[in-house]
file final-v7.cif (mmCIF, C-alpha atoms and all ligand atoms)
data_target
#
loop_
_atom_site.label_atom_id
_atom_site.label_comp_id
_atom_site.auth_asym_id
_atom_site.auth_seq_id
_atom_site.Cartn_x
_atom_site.Cartn_y
_atom_site.Cartn_z
CA MET H 1 2.30 16.30 -30.96
CA PRO H 2 -0.35 16.09 -28.17
CA THR H 3 0.94 16.73 -24.66
CA LEU H 4 1.19 13.78 -22.28
CA ILE H 5 -2.06 14.62 -20.52
CA GLU H 6 -3.82 14.92 -23.90
CA GLN H 7 -2.60 11.42 -24.75
CA ILE H 8 -4.41 9.95 -21.73
CA ASP H 9 -7.71 8.24 -22.56
CA LYS H 10 -9.95 9.35 -19.69
CA SER H 11 -12.31 6.43 -20.29
CA ARG H 12 -9.58 3.84 -19.62
CA LEU H 13 -7.83 5.18 -16.53
CA PRO H 14 -6.38 2.68 -14.06
CA LYS H 15 -8.89 2.49 -11.20
CA HIS H 16 -6.15 2.01 -8.66
CA ILE H 17 -2.53 3.18 -8.87
CA ALA H 18 0.00 1.98 -6.29
CA ILE H 19 3.39 3.66 -5.91
CA ILE H 20 6.60 2.57 -4.20
CA MET H 21 8.03 6.00 -3.45
CA ASP H 22 11.73 5.16 -3.54
CA GLY H 23 14.97 7.10 -3.82
CA ASN H 24 14.64 9.88 -1.23
CA GLY H 25 17.87 8.94 0.56
CA ARG H 26 19.98 8.76 -2.59
CA TRP H 27 18.47 11.99 -3.92
CA ALA H 28 19.63 13.76 -0.77
CA GLU H 29 23.05 12.08 -0.63
CA GLU H 30 23.70 13.04 -4.27
CA GLN H 31 23.39 16.65 -3.14
CA GLY H 32 25.62 16.15 -0.13
CA GLN H 33 22.66 16.31 2.23
CA GLU H 34 21.30 14.10 5.01
CA ARG H 35 18.79 11.38 4.03
CA LEU H 36 16.01 13.14 5.91
CA TYR H 37 16.37 16.11 3.55
CA GLY H 38 15.26 13.74 0.79
CA HIS H 39 12.24 12.54 2.75
CA PHE H 40 11.33 16.16 3.37
CA HIS H 41 11.41 16.92 -0.35
CA GLY H 42 9.52 13.71 -1.08
CA VAL H 43 6.49 15.28 0.58
CA GLU H 44 6.26 17.82 -2.25
CA SER H 45 6.01 14.92 -4.72
CA VAL H 46 3.27 13.33 -2.62
CA ARG H 47 1.25 16.56 -2.76
CA ASN H 48 1.77 16.92 -6.49
CA ILE H 49 0.87 13.31 -7.32
CA VAL H 50 -2.17 13.24 -5.04
CA GLU H 51 -3.39 16.41 -6.73
CA GLY H 52 -2.64 14.94 -10.16
CA CYS H 53 -4.62 11.78 -9.41
CA ALA H 54 -7.56 13.76 -8.02
CA GLU H 55 -7.61 16.01 -11.12
CA LEU H 56 -7.61 13.02 -13.46
CA GLY H 57 -10.37 11.26 -11.55
CA ILE H 58 -8.36 8.23 -10.40
CA GLY H 59 -10.39 6.23 -7.86
CA TYR H 60 -7.62 4.89 -5.61
CA LEU H 61 -4.01 5.85 -4.99
CA THR H 62 -1.91 3.76 -2.61
CA LEU H 63 1.44 5.19 -1.50
CA TYR H 64 4.04 2.95 0.13
CA ALA H 65 5.43 5.35 2.73
CA PHE H 66 7.05 3.06 5.29
CA SER H 67 7.57 -0.71 5.32
CA THR H 68 7.72 -2.94 8.40
CA GLU H 69 11.37 -3.53 7.44
CA ASN H 70 12.03 0.23 7.51
CA TRP H 71 11.75 0.07 11.33
CA ASP H 72 15.26 -1.43 11.19
CA ARG H 73 16.80 1.75 9.77
CA PRO H 74 18.94 3.96 12.05
CA GLN H 75 16.77 5.29 14.88
CA GLN H 76 17.37 8.92 13.89
CA GLU H 77 15.98 8.29 10.39
CA VAL H 78 12.99 6.34 11.74
CA ASP H 79 12.13 9.09 14.22
CA GLY H 80 12.55 11.84 11.66
CA LEU H 81 10.49 10.01 9.07
CA MET H 82 7.70 9.19 11.52
CA ALA H 83 7.47 12.80 12.68
CA LEU H 84 7.45 14.00 9.07
CA LEU H 85 4.76 11.55 7.99
CA VAL H 86 2.43 12.29 10.83
CA ASP H 87 3.02 16.04 10.73
CA THR H 88 2.36 16.10 7.00
CA ILE H 89 -0.83 14.04 7.21
CA ARG H 90 -2.19 16.29 9.94
CA LYS H 91 -1.30 19.49 8.06
CA GLU H 92 -2.78 18.20 4.81
CA VAL H 93 -6.23 17.40 6.22
CA PRO H 94 -7.75 20.76 5.12
CA VAL H 95 -6.34 20.25 1.61
CA LEU H 96 -7.70 16.70 1.52
CA ASN H 97 -11.11 17.97 2.57
CA LYS H 98 -11.02 20.79 0.04
CA ASN H 99 -10.30 18.25 -2.70
CA ASN H 100 -12.84 15.69 -1.44
CA ILE H 101 -10.08 13.12 -0.76
CA LYS H 102 -10.70 10.28 1.70
CA LEU H 103 -7.69 9.04 3.62
CA HIS H 104 -7.14 5.36 4.47
CA VAL H 105 -4.19 3.70 6.20
CA ILE H 106 -3.00 0.11 5.86
CA GLY H 107 -0.25 -1.50 7.89
CA ASP H 108 0.77 -2.75 11.30
CA LEU H 109 -0.35 0.35 13.16
CA LYS H 110 0.44 -1.22 16.55
CA MET H 111 4.09 -0.52 15.75
CA LEU H 112 3.50 3.23 15.50
CA PRO H 113 4.36 5.53 18.41
CA GLU H 114 1.21 6.47 20.31
CA TYR H 115 1.17 10.13 19.21
CA ALA H 116 1.42 9.06 15.58
CA ALA H 117 -1.45 6.58 15.85
CA ALA H 118 -3.65 9.20 17.51
CA GLU H 119 -2.92 11.87 14.86
CA LEU H 120 -3.63 9.37 12.12
CA GLN H 121 -6.91 8.30 13.64
CA GLU H 122 -7.98 11.91 13.77
CA ALA H 123 -7.06 12.51 10.13
CA LEU H 124 -8.99 9.38 9.10
CA GLU H 125 -12.09 10.56 10.89
CA MET H 126 -11.82 14.10 9.55
CA THR H 127 -11.77 12.92 5.92
CA SER H 128 -14.15 9.96 6.26
CA HIS H 129 -17.07 11.79 4.63
CA ASN H 130 -15.20 12.55 1.40
CA THR H 131 -16.28 10.79 -1.79
CA GLY H 132 -13.55 11.61 -4.33
CA LEU H 133 -10.07 10.08 -4.55
CA ASN H 134 -9.32 7.36 -1.99
CA LEU H 135 -5.78 7.98 -0.76
CA VAL H 136 -4.32 4.91 0.93
CA MET H 137 -1.13 5.35 2.94
CA ALA H 138 0.78 2.10 3.45
CA LEU H 139 2.45 2.79 6.76
CA SER H 140 4.37 0.18 8.70
CA TYR H 141 3.06 -2.10 5.97
CA SER H 142 4.42 -5.29 4.51
CA SER H 143 2.63 -7.88 2.48
CA ARG H 144 3.97 -10.87 4.41
CA TRP H 145 2.83 -9.26 7.66
CA GLU H 146 -0.61 -8.72 6.09
CA LEU H 147 -0.89 -12.30 4.78
CA VAL H 148 0.20 -13.84 8.08
CA ASN H 149 -2.27 -11.63 9.89
CA ALA H 150 -5.06 -12.67 7.52
CA VAL H 151 -4.29 -16.37 8.01
CA LYS H 152 -4.25 -15.89 11.78
CA ASN H 153 -7.66 -14.18 11.75
CA ILE H 154 -9.15 -16.77 9.41
CA GLY H 155 -7.91 -19.44 11.85
CA ILE H 156 -9.57 -17.64 14.76
CA ASP H 157 -12.86 -17.41 12.87
CA VAL H 158 -12.73 -21.05 11.77
CA LYS H 159 -12.19 -22.07 15.39
CA ALA H 160 -15.12 -19.90 16.50
CA GLY H 161 -17.31 -21.61 13.90
CA LYS H 162 -17.83 -18.40 11.93
CA ILE H 163 -16.45 -19.81 8.69
CA ASP H 164 -16.38 -23.29 7.16
CA PRO H 165 -12.79 -24.11 6.12
CA GLN H 166 -14.13 -26.03 3.10
CA LYS H 167 -15.73 -22.83 1.87
CA ILE H 168 -12.59 -20.68 2.02
CA ASP H 169 -11.96 -19.21 -1.41
CA GLN H 170 -10.17 -16.21 -2.92
CA ASN H 171 -13.02 -14.01 -1.87
CA THR H 172 -12.62 -15.07 1.78
CA LEU H 173 -8.91 -14.33 1.80
CA GLN H 174 -9.51 -10.97 0.14
CA GLN H 175 -11.91 -10.03 2.95
CA TYR H 176 -9.21 -10.64 5.58
CA LEU H 177 -6.62 -8.42 3.91
CA THR H 178 -6.11 -4.80 4.95
CA THR H 179 -7.21 -3.91 1.41
CA SER H 180 -10.58 -5.68 1.69
CA ASN H 181 -12.45 -2.54 0.63
CA LEU H 182 -10.12 -1.63 -2.25
CA PRO H 183 -9.96 -2.90 -5.83
CA ASP H 184 -6.63 -4.47 -6.83
CA PRO H 185 -4.08 -1.99 -8.22
CA GLU H 186 -3.98 -1.96 -12.01
CA LEU H 187 -0.77 0.05 -12.28
CA MET H 188 2.20 -0.18 -9.90
CA ILE H 189 4.92 2.44 -10.22
CA ARG H 190 8.33 2.24 -8.54
CA THR H 191 10.69 5.19 -8.72
CA SER H 192 14.49 5.43 -8.49
CA GLY H 193 15.57 2.53 -10.71
CA GLU H 194 15.03 -0.43 -8.38
CA TYR H 195 13.30 -3.40 -10.01
CA ARG H 196 11.68 -5.11 -7.06
CA ILE H 197 8.45 -5.24 -5.08
CA SER H 198 9.96 -4.98 -1.55
CA ASN H 199 7.09 -6.73 0.23
CA PHE H 200 4.38 -4.48 -1.22
CA LEU H 201 0.87 -5.84 -1.99
CA LEU H 202 2.20 -9.22 -3.19
CA TYR H 203 -1.26 -10.78 -3.47
CA GLN H 204 -3.06 -7.71 -4.80
CA LEU H 205 -0.51 -6.99 -7.56
CA ALA H 206 -1.18 -10.36 -9.25
CA TYR H 207 -2.25 -8.74 -12.54
CA ALA H 208 -1.00 -5.18 -12.10
CA GLU H 209 1.06 -3.61 -14.85
CA LEU H 210 4.48 -2.75 -13.42
CA TYR H 211 6.17 0.51 -14.36
CA PHE H 212 9.72 1.34 -13.31
CA THR H 213 11.41 4.70 -13.73
CA ASN H 214 14.89 5.94 -12.82
CA THR H 215 13.45 9.23 -11.55
CA ARG H 216 14.02 9.58 -7.81
CA TRP H 217 10.85 10.12 -5.80
CA PRO H 218 11.60 13.78 -4.86
CA ASP H 219 11.82 14.58 -8.60
CA PHE H 220 8.62 12.70 -9.53
CA ARG H 221 5.84 15.06 -10.70
CA LYS H 222 2.50 14.96 -12.53
CA GLU H 223 4.23 14.75 -15.94
CA ASN H 224 6.00 11.57 -14.80
CA LEU H 225 2.67 10.18 -13.63
CA TYR H 226 1.05 10.98 -16.99
CA GLU H 227 3.91 9.20 -18.73
CA ALA H 228 3.28 6.08 -16.63
CA ILE H 229 -0.46 6.18 -17.38
CA VAL H 230 0.12 6.59 -21.12
CA ASP H 231 2.51 3.63 -20.98
CA PHE H 232 -0.11 1.61 -19.07
CA GLN H 233 -2.76 2.41 -21.67
CA ASN H 234 -0.52 1.18 -24.48
CA ARG H 235 -0.18 -2.27 -22.95
CA GLU H 236 -2.33 -5.28 -23.69
CA ARG H 237 -3.63 -6.81 -20.47
CA ARG H 238 -4.39 -10.47 -21.14
CA PHE H 239 -5.26 -11.98 -17.75
CA GLY H 240 -4.00 -15.37 -18.91
CA LYS H 241 -5.87 -15.35 -22.21
CA THR H 242 -4.46 -15.03 -25.73
CA GLY H 243 -3.96 -11.72 -27.49
CA SER H 244 -6.63 -12.52 -30.09
CA GLN H 245 -9.17 -13.43 -27.41
CA ILE H 246 -8.59 -10.07 -25.77
CA LYS H 247 -9.01 -8.17 -29.04
CA THR H 248 -12.46 -9.69 -29.63
CA GLU H 249 -13.88 -9.21 -26.15
CA THR H 250 -14.38 -6.27 -23.83
CA VAL H 251 -11.78 -5.60 -21.12
CA PRO H 252 -12.72 -7.29 -17.79
CA ALA H 253 -14.32 -4.92 -15.28
C1 LIG P 301 11.98 5.85 0.06
O1 LIG P 301 13.26 6.37 -0.06
C2 LIG P 301 11.30 6.24 1.34
C3 LIG P 301 11.28 5.17 2.36
C4 LIG P 301 11.66 3.95 2.21
C5 LIG P 301 10.78 5.54 3.65
P1 LIG P 301 14.53 5.64 0.58
O2 LIG P 301 14.72 6.20 1.95
O3 LIG P 301 14.41 4.17 0.50
O4 LIG P 301 15.67 6.16 -0.37
P2 LIG P 301 16.87 5.31 -0.97
O5 LIG P 301 16.28 4.14 -1.65
O6 LIG P 301 17.75 4.94 0.17
O7 LIG P 301 17.51 6.25 -1.92
C1 LIG P 302 10.37 0.20 -0.08
O1 LIG P 302 11.56 0.90 -0.23
C2 LIG P 302 9.54 0.81 1.00
C3 LIG P 302 9.05 2.15 0.76
C4 LIG P 302 9.19 2.87 -0.32
C5 LIG P 302 8.31 2.71 1.84
P1 LIG P 302 12.92 0.42 0.43
O2 LIG P 302 13.93 1.40 0.01
O3 LIG P 302 12.73 0.23 1.88
O4 LIG P 302 13.13 -1.00 -0.25
P2 LIG P 302 14.46 -1.81 -0.52
O5 LIG P 302 15.16 -1.95 0.79
O6 LIG P 302 15.27 -1.03 -1.49
O7 LIG P 302 14.01 -3.11 -1.10
MG MG P 303 14.93 2.80 -0.90
#

call {"tool": "encode", "arguments": {"input": "final-v7.cif", "output": "structure tokens", "more": "lines below"}}
Ligand code: IPE
Ligand code: IPE
Ligand code: MG
result
Amino acid sequence: MPTLIEQIDKSRLPKHIAIIMDGNGRWAEEQGQERLYGHFHGVESVRNIVEGCAELGIGYLTLYAFSTENWDRPQQEVDGLMALLVDTIRKEVPVLNKNNIKLHVIGDLKMLPEYAAAELQEALEMTSHNTGLNLVMALSYSSRWELVNAVKNIGIDVKAGKIDPQKIDQNTLQQYLTTSNLPDPELMIRTSGEYRISNFLLYQLAYAELYFTNTRWPDFRKENLYEAIVDFQNRERRFGKTGSQIKTETVPA
């Protein structure tokens, strides 16, 4: 029996994998620990999965780290999580550079404390020359925030005469999203047994394959990722067409 990684067809990898890293709090509580202990251990999974994606040659990995709704959690958890996220990103910059990984951030960054925004900016600049895996952190992100923001900016540009409202198409909208320079995710993974999207990339996930696992995020490792990719590769992606059409034509780029 080939191992999971041997079962992966390297010529048909998902270009972009998006992950809702869920279950840190429950993982900690199940061990009688504080929720922050789970977030702390979740960082180890982030390292492992980023490394796994870089080794496989995945083009884009988006990690949902903090939603705009997460600001409503108890202040102690928000503060702890923010400090952990920023501290980790800063500490990981040398590793990102060593592995040729370019960092991107999407989200409502105005909501971030000033120190966090400054650290992030620095990390973005320090990895901007890298050409390997694109690692996108969704931080203070929500899809409805993003869509409203896009509509607002389109309105501003219509008013300024920069765009003709009659000519607005899917391409225009795409250019106003925070993901304008990223391909749509082809595989979306959510850990910890919740079957929902929680305001994540609603527009961009239109034709993504969704993969749900009961594994809590702090337990999620490369092997779990390989399992998701093998599952993805065994699916037939139809994009609205019939199965027999798909079998007789090449997969859309
Ligand atoms: C995911 O874990 C991390 C964030 C949302 C920041 P949770 O903190 O949501 O963990 P659960 O879902 O409560 O177990
Ligand atoms: C989604 O998880 C956000 C992140 C993983 C960052 P949540 O735990 O916040 O989502 P809900 O509340 O279960 O929908
Ligand atoms: Mg959760």

call {"tool": "closest_residue", "arguments": {"input": "final-v7.cif", "among": "H:Glu119, H:Glu69, H:Glu209, H:Glu34", "to": "ligand MG 303 (chain P)", "atoms": "all atoms listed in the file"}}
result
H:Glu69

call {"tool": "residues_around", "arguments": {"input": "final-v7.cif", "residues": "Val151 of chain H", "least_positions_apart": "6", "cutoff": "10 Å", "atoms": "all atoms listed in the file", "output": "ChimeraX atom specification"}}
result
/H:157,173,176-177

call {"tool": "write_last_selection", "arguments": {"input": "final-v7.cif", "atoms": "C-alpha atoms", "output": "PDB file, keeping the file's coordinate frame"}}
result
ATOM      1  CA  ASP H 157     -12.860 -17.410  12.870  1.00  0.00           C
ATOM      2  CA  LEU H 173      -8.910 -14.330   1.800  1.00  0.00           C
ATOM      3  CA  TYR H 176      -9.210 -10.640   5.580  1.00  0.00           C
ATOM      4  CA  LEU H 177      -6.620  -8.420   3.910  1.00  0.00           C
TER       5      LEU H 177
END

call {"tool": "residues_near_ligand", "arguments": {"input": "final-v7.cif", "ligand": "ligand LIG 302 (chain P)", "cutoff": "6 Å", "atoms": "only C-alpha atoms and all ligand atoms", "output": "PyMOL selection string"}}
result
chain H and resi 20-22+64-67+70+198

call {"tool": "residues_around", "arguments": {"input": "final-v7.cif", "residues": "Lys91 of chain H", "least_positions_apart": "4", "cutoff": "12 Å", "atoms": "only C-alpha atoms", "output": "list in words"}}
result
Val43, Arg47, Ala83, Leu84, Leu85, Val86, Asp87, Val95, Leu96, Asn97, Glu119, Leu120, Glu122, Ala123 and Met126 of chain H

call {"tool": "write_last_selection", "arguments": {"input": "final-v7.cif", "atoms": "C-alpha atoms", "output": "mmCIF file, keeping the file's coordinate frame"}}
result
data_model
loop_
_atom_site.group_PDB
_atom_site.id
_atom_site.type_symbol
_atom_site.label_atom_id
_atom_site.label_comp_id
_atom_site.auth_asym_id
_atom_site.auth_seq_id
_atom_site.Cartn_x
_atom_site.Cartn_y
_atom_site.Cartn_z
ATOM 1 C CA VAL H 43 6.490 15.280 0.580
ATOM 2 C CA ARG H 47 1.250 16.560 -2.760
ATOM 3 C CA ALA H 83 7.470 12.800 12.680
ATOM 4 C CA LEU H 84 7.450 14.000 9.070
ATOM 5 C CA LEU H 85 4.760 11.550 7.990
ATOM 6 C CA VAL H 86 2.430 12.290 10.830
ATOM 7 C CA ASP H 87 3.020 16.040 10.730
ATOM 8 C CA VAL H 95 -6.340 20.250 1.610
ATOM 9 C CA LEU H 96 -7.700 16.700 1.520
ATOM 10 C CA ASN H 97 -11.110 17.970 2.570
ATOM 11 C CA GLU H 119 -2.920 11.870 14.860
ATOM 12 C CA LEU H 120 -3.630 9.370 12.120
ATOM 13 C CA GLU H 122 -7.980 11.910 13.770
ATOM 14 C CA ALA H 123 -7.060 12.510 10.130
ATOM 15 C CA MET H 126 -11.820 14.100 9.550
#

call {"tool": "atom_distance", "arguments": {"input": "final-v7.cif", "atom1": "atom CA of Arg26 of chain H", "atom2": "atom O4 of ligand LIG 301 (chain P)"}}
result
5.5 Å

call {"tool": "atom_distance", "arguments": {"input": "final-v7.cif", "atom1": "atom CA of Gly25 of chain H", "atom2": "atom P1 of ligand LIG 301 (chain P)"}}
result
4.7 Å

call {"tool": "closest_residue", "arguments": {"input": "final-v7.cif", "among": "H:Leu202, H:Ile168, H:Leu182, H:Leu63", "to": "Ser140 of chain H", "atoms": "all atoms listed in the file"}}
result
H:Leu63

call {"tool": "residues_near_point", "arguments": {"input": "final-v7.cif", "point": "(-2.6, -13.1, -5.4)", "cutoff": "10 Å", "atoms": "all atoms listed in the file", "output": "list in words"}}
result
Gln170, Leu173, Gln174, Asp184, Leu201, Leu202, Tyr203, Gln204, Leu205, Ala206 and Tyr207 of chain H

call {"tool": "atom_distance", "arguments": {"input": "final-v7.cif", "atom1": "atom CA of Glu146 of chain H", "atom2": "atom CA of Thr179 of chain H"}}
result
9.4 Å

call {"tool": "closest_residue", "arguments": {"input": "final-v7.cif", "among": "H:Ile197, H:Ile101, H:Leu187, H:Leu112", "to": "ligand MG 303 (chain P)", "atoms": "only C-alpha atoms and all ligand atoms"}}
result
H:Ile197

call {"tool": "residues_around", "arguments": {"input": "final-v7.cif", "residues": "Thr127 of chain H", "least_positions_apart": "4", "cutoff": "12 Å", "atoms": "all atoms listed in the file", "output": "ChimeraX atom specification"}}
result
/H:89-90,92-105,120-123,131-135

call {"tool": "residues_around", "arguments": {"input": "final-v7.cif", "residues": "Glu6 of chain H", "least_positions_apart": "5", "cutoff": "12 Å", "atoms": "all atoms listed in the file", "output": "list in words"}}
result
Met1, Leu56, Glu223, Tyr226, Glu227, Ile229 and Val230 of chain H

call {"tool": "closest_residue", "arguments": {"input": "final-v7.cif", "among": "H:Phe239, H:Tyr211, H:Phe200, H:Trp217", "to": "ligand MG 303 (chain P)", "atoms": "all atoms listed in the file"}}
result
H:Trp217

call {"tool": "residues_around", "arguments": {"input": "final-v7.cif", "residues": "Glu194 of chain H", "least_positions_apart": "4", "cutoff": "9 Å", "atoms": "only C-alpha atoms", "output": "number ranges by chain"}}
result
H: 22-23, 190, 212-214

call {"tool": "closest_residue", "arguments": {"input": "final-v7.cif", "among": "H:Asn149, H:Gln31, H:Gln75, H:Thr88", "to": "Val46 of chain H", "atoms": "all atoms listed in the file"}}
result
H:Thr88

call {"tool": "closest_residue", "arguments": {"input": "final-v7.cif", "among": "H:Leu36, H:Leu109, H:Leu13, H:Ile189", "to": "ligand LIG 301 (chain P)", "atoms": "only C-alpha atoms and all ligand atoms"}}
result
H:Leu36
